[in-house]
Every structure is written in C-alpha cells, then in structure tokens.
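Student: Following this line is run.cif, made up of mmCIF, C-alpha atoms and all ligand atoms:
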data_work
loop_
_atom_site.label_atom_id
_atom_site.label_comp_id
_atom_site.auth_asym_id
_atom_site.auth_seq_id
_atom_site.Cartn_x
_atom_site.Cartn_y
_atom_site.Cartn_z
CA MET A 250 -128.02 60.02 -124.47
CA ASN A 251 -130.30 57.94 -126.68
CA ILE A 252 -133.94 59.12 -126.78
CA LEU A 253 -136.57 56.91 -128.38
CA ARG A 254 -140.29 56.90 -129.01
CA LEU A 255 -142.07 53.70 -128.03
CA ASP A 256 -145.69 52.90 -128.71
CA ILE A 257 -147.65 50.72 -126.28
CA ASN A 258 -146.90 47.56 -128.21
CA GLY A 259 -143.20 48.44 -128.29
CA LEU A 260 -143.23 48.83 -124.51
CA LEU A 261 -145.13 45.56 -124.05
CA ASP A 262 -142.50 43.82 -126.20
CA CYS A 263 -139.74 45.23 -123.95
CA LEU A 264 -141.59 44.13 -120.80
CA SER A 265 -142.12 40.68 -122.25
CA SER A 266 -138.44 40.33 -123.03
CA TRP A 267 -137.42 41.54 -119.54
CA ALA A 268 -139.91 39.20 -117.85
CA GLY A 269 -138.45 36.31 -119.85
CA GLY A 270 -134.76 36.94 -119.25
CA GLN A 271 -134.74 38.04 -115.60
CA GLU A 272 -137.05 38.97 -112.74
CA LEU A 273 -139.36 41.86 -113.54
CA TYR A 274 -141.12 43.84 -110.81
CA GLY A 275 -143.61 46.69 -111.02
CA PRO A 276 -145.65 48.79 -108.61
CA VAL A 277 -149.19 48.02 -107.48
CA LYS A 278 -151.13 50.22 -105.06
CA ASP A 279 -149.69 48.79 -101.86
CA GLY A 280 -146.29 47.67 -103.01
CA TRP A 281 -144.37 45.84 -105.68
CA ARG A 282 -145.05 42.57 -107.36
CA ARG A 283 -143.26 40.18 -109.65
CA ILE A 284 -144.69 40.47 -113.14
CA SER A 285 -145.01 37.53 -115.45
CA ARG A 286 -145.56 37.70 -119.16
CA ASP A 287 -149.30 37.19 -118.54
CA GLY A 288 -149.66 40.30 -116.41
CA LEU A 289 -147.98 42.87 -118.60
CA GLU A 290 -151.08 44.86 -119.63
CA ALA A 291 -151.88 45.83 -116.02
CA VAL A 292 -148.45 47.23 -115.32
CA VAL A 293 -148.67 49.80 -118.10
CA SER A 294 -151.39 51.73 -116.19
CA ILE A 295 -149.59 52.62 -113.01
CA PRO A 296 -151.51 54.88 -110.57
CA PRO A 297 -150.00 58.31 -109.75
CA GLY A 298 -147.53 58.64 -106.87
CA ALA A 299 -145.23 56.10 -105.26
CA PRO A 300 -146.70 52.79 -104.02
CA LYS A 301 -147.06 52.29 -100.27
CA ALA A 302 -144.13 49.89 -99.87
CA PRO A 303 -140.72 51.53 -100.30
CA ILE A 304 -138.32 50.58 -103.05
CA LYS A 305 -135.52 50.03 -100.53
CA THR A 306 -136.89 46.51 -100.08
CA PHE A 307 -135.03 45.55 -103.31
CA PHE A 308 -131.65 46.69 -102.01
CA LEU A 309 -131.89 46.24 -98.25
CA ALA A 310 -133.29 42.76 -97.89
CA GLN A 311 -135.58 42.19 -94.92
CA PRO A 312 -134.03 40.12 -93.42
CA GLU A 313 -130.50 39.86 -94.87
CA THR A 314 -128.33 36.86 -93.96
CA LEU A 315 -124.84 38.34 -93.68
CA PHE A 316 -123.15 34.99 -93.10
CA THR A 317 -123.67 31.56 -91.60
CA PHE A 318 -121.45 29.75 -89.10
CA SER A 319 -121.04 26.49 -87.27
CA ALA A 320 -120.61 26.37 -83.49
CA ARG A 321 -119.61 22.71 -83.11
CA HIS A 322 -116.94 21.86 -80.55
CA GLY A 323 -113.94 20.22 -82.17
CA ASP A 324 -114.94 21.42 -85.61
CA ASP A 325 -112.00 23.22 -87.26
CA ASP A 326 -114.42 25.48 -89.07
CA ALA A 327 -116.38 26.39 -85.93
CA TRP A 328 -117.14 30.11 -85.75
CA ILE A 329 -115.60 30.72 -89.17
CA PRO A 330 -118.14 32.76 -91.11
CA THR A 331 -119.31 31.46 -94.48
CA PRO A 332 -120.69 34.07 -96.89
CA PRO A 333 -124.21 33.46 -98.27
CA LYS A 334 -124.13 31.11 -101.26
CA GLU A 335 -126.98 32.69 -103.18
CA ALA A 336 -126.08 35.69 -105.32
CA PRO A 337 -128.87 38.17 -106.09
CA ASN A 338 -130.79 37.49 -109.30
CA ARG A 339 -130.75 39.87 -112.22
CA ARG A 340 -133.89 41.97 -112.25
CA VAL A 341 -135.61 44.98 -113.74
CA LEU A 342 -137.65 47.35 -111.62
CA PHE A 343 -140.24 48.93 -113.87
CA GLY A 344 -142.42 52.00 -113.27
CA VAL A 345 -140.17 53.46 -110.58
CA ARG A 346 -141.12 57.05 -109.79
CA PRO A 347 -138.27 59.60 -109.91
CA CYS A 348 -138.53 60.21 -106.14
CA ASP A 349 -137.96 56.51 -105.42
CA ALA A 350 -135.13 56.29 -107.95
CA ARG A 351 -133.49 59.24 -106.22
CA SER A 352 -133.74 57.42 -102.89
CA ILE A 353 -131.63 54.60 -104.39
CA ALA A 354 -128.95 57.15 -105.32
CA LEU A 355 -129.09 58.78 -101.86
CA ASN A 356 -128.90 55.47 -99.97
CA SER A 357 -125.95 54.46 -102.12
CA MET A 358 -123.86 57.05 -100.30
CA PRO A 359 -123.98 55.56 -96.78
CA TYR A 360 -124.04 52.04 -98.30
CA ARG A 361 -121.17 52.73 -100.72
CA ASP A 362 -118.94 50.06 -99.11
CA ASP A 363 -121.69 47.57 -98.25
CA PRO A 364 -121.12 44.45 -100.43
CA TYR A 365 -124.70 43.17 -99.99
CA TYR A 366 -126.24 46.46 -101.10
CA GLN A 367 -123.77 46.89 -103.95
CA ALA A 368 -124.31 43.34 -105.23
CA ARG A 369 -128.03 44.08 -105.53
CA MET A 370 -127.32 47.41 -107.21
CA ASP A 371 -125.11 45.67 -109.77
CA LYS A 372 -127.81 43.14 -110.66
CA THR A 373 -130.70 45.63 -110.84
CA ALA A 374 -131.77 47.83 -113.73
CA VAL A 375 -134.20 50.64 -112.92
CA VAL A 376 -136.75 51.80 -115.47
CA GLY A 377 -138.55 54.92 -114.28
CA LEU A 378 -141.86 56.51 -115.12
CA SER A 379 -142.19 60.31 -115.00
CA CYS A 380 -145.01 61.83 -113.00
CA ASN A 381 -147.26 63.73 -115.39
CA GLU A 382 -149.71 63.78 -112.46
CA THR A 383 -148.73 64.14 -108.82
CA CYS A 384 -150.54 63.51 -105.51
CA SER A 385 -151.39 66.09 -102.85
CA THR A 386 -148.71 64.62 -100.59
CA CYS A 387 -145.89 64.65 -103.20
CA PHE A 388 -143.21 67.31 -102.72
CA CYS A 389 -140.16 66.04 -104.62
CA LYS A 390 -139.45 69.46 -106.10
CA SER A 391 -139.03 71.03 -102.66
CA VAL A 392 -136.30 68.62 -101.63
CA GLY A 393 -134.07 68.59 -104.71
CA GLY A 394 -135.95 66.21 -107.04
CA SER A 395 -138.26 66.55 -110.00
CA PRO A 396 -141.26 64.64 -111.44
CA TYR A 397 -138.99 64.16 -114.50
CA GLY A 398 -135.77 63.56 -112.54
CA THR A 399 -133.31 60.96 -113.83
CA GLU A 400 -131.06 60.35 -110.79
CA GLY A 401 -130.79 56.64 -109.95
CA LEU A 402 -132.41 55.53 -113.23
CA ASP A 403 -131.19 53.54 -116.23
CA ILE A 404 -134.13 54.48 -118.45
CA LEU A 405 -136.81 57.14 -117.88
CA LEU A 406 -140.15 56.75 -119.65
CA THR A 407 -142.50 59.67 -120.06
CA LYS A 408 -146.06 59.11 -121.23
CA ALA A 409 -146.78 61.38 -124.17
CA ASP A 410 -149.27 61.40 -127.02
CA GLY A 411 -150.53 57.86 -126.58
CA GLY A 412 -147.06 56.31 -126.26
CA PHE A 413 -143.82 56.79 -124.36
CA ILE A 414 -140.63 58.80 -124.79
CA ALA A 415 -137.74 56.71 -123.46
CA GLU A 416 -134.56 58.45 -122.30
CA VAL A 417 -131.83 55.83 -122.14
CA LEU A 418 -129.50 57.10 -119.44
CA THR A 419 -126.85 54.44 -118.78
CA SER A 420 -125.10 51.54 -120.45
CA LYS A 421 -127.25 49.22 -118.34
CA GLY A 422 -130.28 50.93 -119.87
CA GLU A 423 -128.81 50.48 -123.37
CA GLY A 424 -128.35 46.80 -122.62
CA LEU A 425 -132.06 46.43 -121.84
CA LEU A 426 -133.19 47.53 -125.27
CA GLU A 427 -132.93 45.13 -128.14
CA LYS A 428 -131.69 46.47 -131.45
CA GLY A 429 -134.54 48.04 -133.41
CA THR A 430 -136.62 48.89 -130.33
CA GLY A 431 -138.68 52.05 -130.89
CA THR A 432 -137.79 54.88 -133.24
CA PRO A 433 -135.49 57.83 -132.60
CA ALA A 434 -137.41 60.63 -130.90
CA GLY A 435 -138.40 63.42 -133.30
CA ASP A 436 -138.32 67.18 -132.80
CA GLY A 437 -141.92 67.08 -131.55
CA ASP A 438 -141.00 64.54 -128.84
CA MET A 439 -138.01 66.60 -127.73
CA ALA A 440 -140.13 69.76 -127.59
CA ARG A 441 -142.78 67.90 -125.59
CA LEU A 442 -140.18 66.64 -123.09
CA LYS A 443 -138.69 70.10 -122.72
CA ALA A 444 -142.11 71.66 -122.15
CA LEU A 445 -142.95 69.08 -119.46
CA ARG A 446 -139.58 69.61 -117.73
CA ASP A 447 -139.82 73.40 -117.91
CA ALA A 448 -143.33 73.33 -116.45
CA ALA A 449 -142.12 71.06 -113.64
CA GLN A 450 -139.19 73.35 -112.92
CA ALA A 451 -141.46 76.37 -112.53
CA GLY A 452 -141.76 77.28 -108.88
CA THR A 453 -138.79 75.20 -107.75
CA SER A 454 -136.65 78.06 -106.51
CA ASP A 455 -136.45 76.32 -103.12
CA THR A 456 -135.14 73.05 -104.65
CA GLN A 457 -131.41 73.05 -103.97
CA ALA A 458 -131.74 76.03 -101.65
CA LEU A 459 -133.41 73.86 -99.03
CA SER A 460 -130.36 71.71 -98.28
CA ALA A 461 -128.21 74.87 -98.31
CA SER A 462 -130.63 76.47 -95.82
CA PHE A 463 -130.38 73.49 -93.49
CA LYS A 464 -126.60 73.44 -93.81
CA ALA A 465 -126.49 77.11 -92.86
CA LYS A 466 -128.66 76.60 -89.76
CA ASN A 467 -126.87 76.31 -86.46
CA LEU A 468 -126.99 72.68 -85.33
CA MET A 469 -127.55 73.37 -81.65
CA GLN A 470 -130.25 75.94 -82.37
CA LEU A 471 -132.18 73.30 -84.30
CA TYR A 472 -131.41 70.63 -81.69
CA ASN A 473 -132.66 72.81 -78.82
CA ALA A 474 -135.65 74.25 -80.71
CA ARG A 475 -138.83 74.45 -78.64
CA LEU A 476 -140.95 72.83 -81.35
CA TRP A 477 -139.80 69.27 -80.57
CA GLN A 478 -141.97 69.05 -77.45
CA GLY A 479 -145.24 69.85 -79.24
CA LEU A 480 -144.29 67.86 -82.30
CA SER A 481 -143.45 64.69 -80.41
CA GLU A 482 -146.48 64.65 -78.11
CA PRO A 483 -148.95 63.00 -80.53
CA CYS A 484 -146.34 60.60 -81.99
CA LEU A 485 -147.07 56.95 -81.15
CA ASN A 486 -143.52 55.81 -81.98
CA CYS A 487 -145.15 53.20 -84.20
CA GLY A 488 -142.26 53.39 -86.70
CA ALA A 489 -144.53 53.39 -89.76
CA CYS A 490 -142.87 56.53 -91.09
CA THR A 491 -139.38 55.04 -90.95
CA PHE A 492 -140.27 51.56 -92.23
CA LEU A 493 -142.12 53.03 -95.23
CA CYS A 494 -139.58 55.75 -95.90
CA PRO A 495 -137.35 54.87 -98.87
CA THR A 496 -134.43 56.84 -97.39
CA CYS A 497 -134.53 55.43 -93.83
CA TYR A 498 -131.94 52.68 -93.79
CA CYS A 499 -131.11 51.84 -90.15
CA PHE A 500 -130.77 48.21 -89.11
CA ASP A 501 -130.21 45.86 -86.21
CA ILE A 502 -128.03 42.75 -86.28
CA GLN A 503 -128.89 39.53 -84.49
CA ASP A 504 -127.41 36.04 -84.33
CA GLU A 505 -129.70 33.04 -84.67
CA VAL A 506 -128.21 29.79 -83.39
CA VAL A 507 -130.03 26.48 -83.69
CA ARG A 508 -128.32 23.20 -82.82
CA GLN A 509 -124.77 24.49 -83.06
CA ALA A 510 -125.22 26.23 -86.37
CA GLY A 511 -126.28 29.76 -86.92
CA ARG A 512 -126.55 32.81 -89.06
CA ARG A 513 -126.00 36.49 -88.52
CA ILE A 514 -128.97 38.49 -89.79
CA ARG A 515 -129.53 42.13 -90.51
CA TYR A 516 -133.07 43.45 -89.99
CA TRP A 517 -134.62 46.84 -90.67
CA ASP A 518 -134.86 48.84 -87.48
CA SER A 519 -136.27 52.24 -86.56
CA CYS A 520 -134.90 55.13 -84.51
CA MET A 521 -138.50 55.66 -83.37
CA PHE A 522 -138.32 52.52 -81.18
CA PRO A 523 -136.91 52.86 -77.62
CA LEU A 524 -134.95 49.59 -78.03
CA PHE A 525 -133.04 51.00 -80.98
CA THR A 526 -130.59 52.86 -78.74
CA LEU A 527 -130.85 50.81 -75.53
CA HIS A 528 -127.35 49.98 -74.30
CA ALA A 529 -126.44 46.66 -72.65
CA SER A 530 -125.88 48.66 -69.45
CA GLY A 531 -129.55 49.67 -69.42
CA HIS A 532 -128.75 53.27 -70.28
CA ASN A 533 -130.73 54.69 -73.17
CA PRO A 534 -129.50 57.94 -74.73
CA ARG A 535 -132.84 58.34 -76.49
CA GLY A 536 -135.11 56.97 -73.82
CA GLU A 537 -137.72 59.73 -74.22
CA LYS A 538 -140.02 60.09 -77.18
CA ILE A 539 -139.02 63.69 -77.81
CA LYS A 540 -135.42 62.59 -78.40
CA ARG A 541 -136.46 59.92 -80.88
CA VAL A 542 -138.73 62.22 -82.87
CA ARG A 543 -136.02 64.86 -82.92
CA ASN A 544 -133.49 62.32 -84.14
CA ARG A 545 -135.68 61.22 -87.05
CA PHE A 546 -136.01 64.74 -88.41
CA MET A 547 -132.52 65.93 -87.49
CA HIS A 548 -131.01 62.94 -89.28
CA LYS A 549 -133.01 63.53 -92.45
CA LEU A 550 -132.67 67.28 -92.59
CA LYS A 551 -129.45 68.21 -90.84
CA TYR A 552 -127.03 65.33 -90.11
CA PHE A 553 -127.34 63.59 -93.51
CA THR A 554 -127.23 66.94 -95.29
CA GLU A 555 -124.04 67.94 -93.49
CA ARG A 556 -122.40 64.63 -94.35
CA PHE A 557 -123.63 63.91 -97.87
CA GLY A 558 -124.77 67.30 -99.20
CA ALA A 559 -128.46 66.49 -99.75
CA LEU A 560 -131.52 66.03 -97.56
CA SER A 561 -132.33 62.40 -96.75
CA CYS A 562 -135.87 62.87 -98.01
CA VAL A 563 -137.14 62.58 -101.58
CA GLY A 564 -140.61 64.02 -100.99
CA CYS A 565 -142.50 60.80 -101.77
CA GLY A 566 -145.11 61.65 -99.14
CA ARG A 567 -145.43 58.11 -97.73
CA CYS A 568 -144.83 59.23 -94.14
CA ILE A 569 -147.45 61.94 -94.53
CA ARG A 570 -150.04 59.55 -95.95
CA GLU A 571 -149.46 56.77 -93.42
CA CYS A 572 -148.76 58.52 -90.09
CA PRO A 573 -151.73 57.69 -87.83
CA VAL A 574 -151.50 61.06 -86.07
CA ASN A 575 -150.88 63.20 -89.15
CA ILE A 576 -147.36 64.36 -88.47
CA ASP A 577 -146.34 66.11 -91.71
CA ILE A 578 -142.65 66.50 -92.54
CA ARG A 579 -143.44 69.50 -94.78
CA GLU A 580 -144.65 71.40 -91.71
CA VAL A 581 -141.58 70.28 -89.74
CA ILE A 582 -139.30 71.60 -92.50
CA ARG A 583 -141.14 74.92 -92.55
CA ASP A 584 -141.03 75.27 -88.76
CA LEU A 585 -137.36 74.29 -88.47
CA LEU A 586 -136.37 76.78 -91.14
CA SER A 587 -138.02 79.54 -89.14
CA VAL A 588 -136.05 78.69 -85.98
CA GLU A 589 -133.84 81.71 -85.10
S1 LIG A 601 -145.78 57.28 -88.28
FE1 LIG A 601 -146.34 59.10 -87.07
S2 LIG A 601 -146.93 58.26 -85.07
FE2 LIG A 601 -145.80 56.63 -86.11
S3 LIG A 601 -143.65 56.94 -85.42
FE3 LIG A 601 -143.87 58.06 -87.35
S4 LIG A 601 -144.37 60.18 -86.72
FE4 LIG A 601 -144.77 58.84 -84.93
S1 LIG A 602 -139.33 61.42 -95.02
FE1 LIG A 602 -141.40 60.98 -95.75
S2 LIG A 602 -141.59 62.17 -97.64
FE2 LIG A 602 -139.40 62.07 -97.15
S3 LIG A 602 -138.65 60.29 -98.30
FE3 LIG A 602 -139.21 59.56 -96.25
S4 LIG A 602 -141.35 58.84 -96.44
FE4 LIG A 602 -140.89 60.09 -98.24
#
Can I see the file as structure tokens?
Tutor:
Amino acid sequence: MNILRLDINGLLDCLSSWAGGQELYGPVKDGWRRISRDGLEAVVSIPPGAPKAPIKTFFLAQPETLFTFSARHGDDDAWIPTPPKEAPNRRVLFGVRPCDARSIALNSMPYRDDPYYQARMDKTAVVGLSCNETCSTCFCKSVGGSPYGTEGLDILLTKADGGFIAEVLTSKGEGLLEKGTGTPAGDGDMARLKALRDAAQAGTSDTQALSASFKAKNLMQLYNARLWQGLSEPCLNCGACTFLCPTCYCFDIQDEVVRQAGRRIRYWDSCMFPLFTLHASGHNPRGEKIKRVRNRFMHKLKYFTERFGALSCVGCGRCIRECPVNIDIREVIRDLLSVE
C-alpha cells in the first residue's frame, strides 16, 4: 500500500484535477453536492459525522429506469425491453466517512449480480476521510467498523498535523493520483496513524463479537421476544429510518406507460410501509405495525447476519438522529442481546 503526505494545497490540486476530469461530489450538512473547481475550499472542512442523506443514492438511483419498451400493436419490437442508453458517468466521491464506505461494501453483497449497481460501482472512486472526531450518535466500532476503517474505500485521508496522510488502497485509488502527488509518508506520519488507529481500537472488544452474538441467538426467541410490542407502539411507520439508512436497500418496481411506450422503474421502498408487503389478493403478511418494526430490526441484525456474516448496520447514527419518536437502534441491540 502506498502512503503519502499531502499538504492542503496538494489536496486542493487533487480535487481540482478530479473536478475537471469527472464528476466530483462531497458532503454538505444535509447531503451531497456536486463540486466544481470554484467550490473546492469549502469541501476541505467537512463537519464531523455522516451527512443526513445516505451515500446509497450514488449506487441505487432513485428512481432507476431498468429498461424501456414499446407497446404498439403491429410493432415487431413491441414489448421487447431496451436497456437504458445512458451509462453512468465516472465520478469521485470525496470525504466519505468510513461508516458510509463500509455500507457500500455491505450492500455490494446482496447487489453482487445487479448490473445497474455494479456499473455504478465500476465508475465510482471513493475517497474517504477518517473521523478524528465523532458524534454522540456514532457507533461504528460496536458494529464491526472503525473511524479509521478502509473497507469500501480507494483512498483514505486522515487529517494530521495541518495536512493529510493518504493511504492509497486500490488500483483505482492509484489511478486518481497524478505522478509526483504528495511525498512518501515518513516515520512520524506512520507513528501518528498507528497511534490514532490504536486509540480507536481501544474499547472495541464487542466489534466482531456482536455479529457472532446475533448469529448465536435463537431466531425464534428473538422473533417472539416480548420487547417488540413496546418498541413498536411509538413508531409512526414514517420510513425515515429506512430511507436515510445507507444499508437499507429494498425497492419496488413499477411500469409507467404513456401513449404505447413505457419504462420499468425501480424505486426505493421501505419495509416500514404497510403497502410494501400487500399482496394482490389483499392479504398482508405484515399488516400490523409490530410486524414491520420487528422486520426492520430482524433483517439488520439477524437475517442479514446469518446470510452475509455481518450486521446490516454501520453505526452511522442517522436513524437515531432523525427518528421523530426517538427509537434508538443501540437500545434495540442491547435489549435483543439480553433476550433469553
Ligand atoms: S423513523 Fe422512527 S417513527 Fe419513523 S418508521 Fe423509523 S422507527 Fe418508526
Ligand atoms: S440502522 Fe441506523 S445506525 Fe445503522 S446504518 Fe442504518 S441509519 Fe445508520
């Protein structure tokens, strides 16, 4: 792995080159915005924590046209799907927090064979920014991540001593840096990185143990736990938690037909909505709120863990910050782990 020291001007030069050659996006308080060469200074001072809007928006388009079709009578091509003509643009996501980068890696597992998701992954380079400061709602360490984690990233930047230490993690990351960018990191930089990582690791004994604990729990004991009733009562089923969550990836598919031509579209959907599981027959297997709330947490903590080996939560804290009735997944985790 190549590790470099960049001063502020070196980083601004990189950003300027990325903004010129492809699309460059960076976080602002409420979301992500396209950054032009004129707005580079602002993006260097990114506030702590993950922005409100989730990073999944770059990989799971909202909405996504899966294909178009014609419905004309007598037309030989009628009902033959045509793939979308526009390929995703090349882009760099800058200032991505390690929790969000990890969500990209986690979502890649269920979307491994999805050509739309994978095409966006191929065209996107992810430049992360370590969290020297965290927020009160951050808990990445408890769910298998780290404020200095590198999963899902091409380059990780860490602010140190008035500049940045850049860990170049992949060949895509190498390709982003022009020859002569920065200087090789010295012993002092390496020692600084190690000290930051060691400090972050302190107190993370529950990190990987948490998914193992959920795997070891009996599924039906969790499913039938008494806590779901009390937990679901205040929930408004507004769906804010799932829409903002970077690791919630469920969707609905609809056909839009106008004047004998149409498109099939994929939209974000939420298991917190009653319509999500409503069958054409009128039967709804999750017709009651308690079942929907249970599904949200069981999917994140038990079902996904059983299938993919990690919790479907990166501890970004968005759902905690934005839930109008203060439902806190950290408390749900604690309570579920105490179910006997
Ligand atoms: S944000 Fe809170 S109230 Fe809204 S669906 Fe999620 S848990 Fe329920
Ligand atoms: S469940 Fe909450 S804390 Fe976990 S990744 Fe989703 S929004 Fe972040």
Student: Which polymer residues have any atom within 9 Å of an atom of range 346-356 of chain A, counting all atoms listed in the file, with same-chain residues fewer than 4 positions away left out, as JSON, numbers by chain?
Tutor: {"A": [297, 298, 299, 303, 304, 305, 308, 360, 361, 370, 375, 376, 377, 378, 379, 380, 389, 394, 395, 396, 397, 398, 399, 400, 401, 402, 405, 495, 496, 497, 498, 557, 559, 560, 561, 562, 563, 564, 565]}
Student: I need the residue nearest Ser385 in chain A from this list: A:Ile514, A:Ile582, A:Leu264, A:Ile569. Use all atoms listed in the file for the distance.
Tutor: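 Of the candidates, the smallest distance to Ser385 in chain A is held by A:Ile569.
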Student: Quick one: distance from CA of Gly479 in chain A to CA of Leu527 in chain A in Å, one decimal?
Tutor: 24.2 Å
Student: If we count only C-alpha atoms, what is near range 324-336 of chain A at a cut-off of 9 Å, once residues fewer than 6 positions away on the same chain are taken out, given as a ChimeraX atom specification?
Tutor: /A:314-318,368-369,510,512
Student: From the list A:Ala444, A:Gly259, A:Glu482, A:Leu425, which residue is nearest Val574 in chain A when using all atoms listed in the file?
Tutor: A:Glu482
Student: Sorted by chain and rising residue number, which residues of chain A lie within 10 Å of ligand LIG 601 (chain A), and what are their closest atom pairs and distances in Å to one decimal, counting all atoms listed in the file, as CSV?
Tutor:
residue,atom,partner,partner_atom,distance
A:Leu480,CA,A:LIG601,S4,8.9
A:Ser481,CA,A:LIG601,FE4,7.5
A:Glu482,CA,A:LIG601,FE4,9.1
A:Pro483,CA,A:LIG601,S2,6.9
A:Cys484,CA,A:LIG601,FE4,3.8
A:Leu485,CA,A:LIG601,S2,4.1
A:Asn486,CA,A:LIG601,S3,3.6
A:Cys487,CA,A:LIG601,FE2,4.0
A:Gly488,CA,A:LIG601,S3,4.0
A:Ala489,CA,A:LIG601,S1,4.3
A:Cys490,CA,A:LIG601,S1,4.1
A:Thr491,CA,A:LIG601,FE3,6.5
A:Phe492,CA,A:LIG601,S1,8.9
A:Leu493,CA,A:LIG601,S1,8.9
A:Cys494,CA,A:LIG601,FE3,9.8
A:Ser519,CA,A:LIG601,S3,8.8
A:Cys520,CA,A:LIG601,S3,9.0
A:Met521,CA,A:LIG601,S3,5.7
A:Phe522,CA,A:LIG601,S3,8.1
A:Lys538,CA,A:LIG601,FE4,9.2
A:Arg541,CA,A:LIG601,S3,9.0
A:Val542,CA,A:LIG601,S4,7.1
A:Arg545,CA,A:LIG601,S4,8.8
A:Phe546,CA,A:LIG601,S4,9.7
A:Arg567,CA,A:LIG601,S1,9.5
A:Cys568,CA,A:LIG601,S1,6.2
A:Ile569,CA,A:LIG601,S1,8.0
A:Arg570,CA,A:LIG601,S1,9.1
A:Glu571,CA,A:LIG601,S1,6.3
A:Cys572,CA,A:LIG601,S1,3.7
A:Pro573,CA,A:LIG601,S2,5.6
A:Val574,CA,A:LIG601,S2,5.5
A:Asn575,CA,A:LIG601,FE1,6.5
A:Ile576,CA,A:LIG601,S4,5.4
A:Asp577,CA,A:LIG601,S4,8.0
A:Ile578,CA,A:LIG601,S4,8.8
Student: Any idea what the distance is between atom FE4 of ligand LIG 602 (chain A) and CA of Tyr274 in chain A?
Tutor: 20.5 Å
Student: Suppose you want the space between CA of Val293 in chain A and CA of Gly393 in chain A; what is it in Å?
Tutor: 27.3 Å
Student: Give the answer as one residue: which of A:Ser391, A:Asn381, A:Thr526, A:Thr306 has the shortest atom-to-atom distance to ligand LIG 602 (chain A), using all atoms listed in the file?
Tutor: A:Ser391
Student: Nearest to Ala374 in chain A among A:Leu585, A:Ala302, A:Ile257, A:Leu273, with distances taken over all atoms listed in the file: which residue is it?
Tutor: A:Leu273
Student: Report as a list of chain:residue names all protein, DNA and RNA residues lying within 12 Å of Gly269 in chain A, evaluated on only C-alpha atoms, omitting residues in the same chain fewer than 6 positions from it.
Tutor: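 What passes the distance filter is A:Asp262, A:Cys263, A:Arg283, A:Ile284, A:Ser285, A:Arg286, A:Asp287, A:Leu289, A:Arg339, A:Arg340, A:Val341.
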Student: For range 540-556 of chain A, what centre and edge lengths in Å (one decimal) does the axis-aligned box get once 5 Å is added on each side of all its listed atoms, as JSON?
Tutor:
{"center_x": -130.6, "center_y": 64.1, "center_z": -86.8, "size_x": 26.3, "size_y": 18.3, "size_z": 26.9}
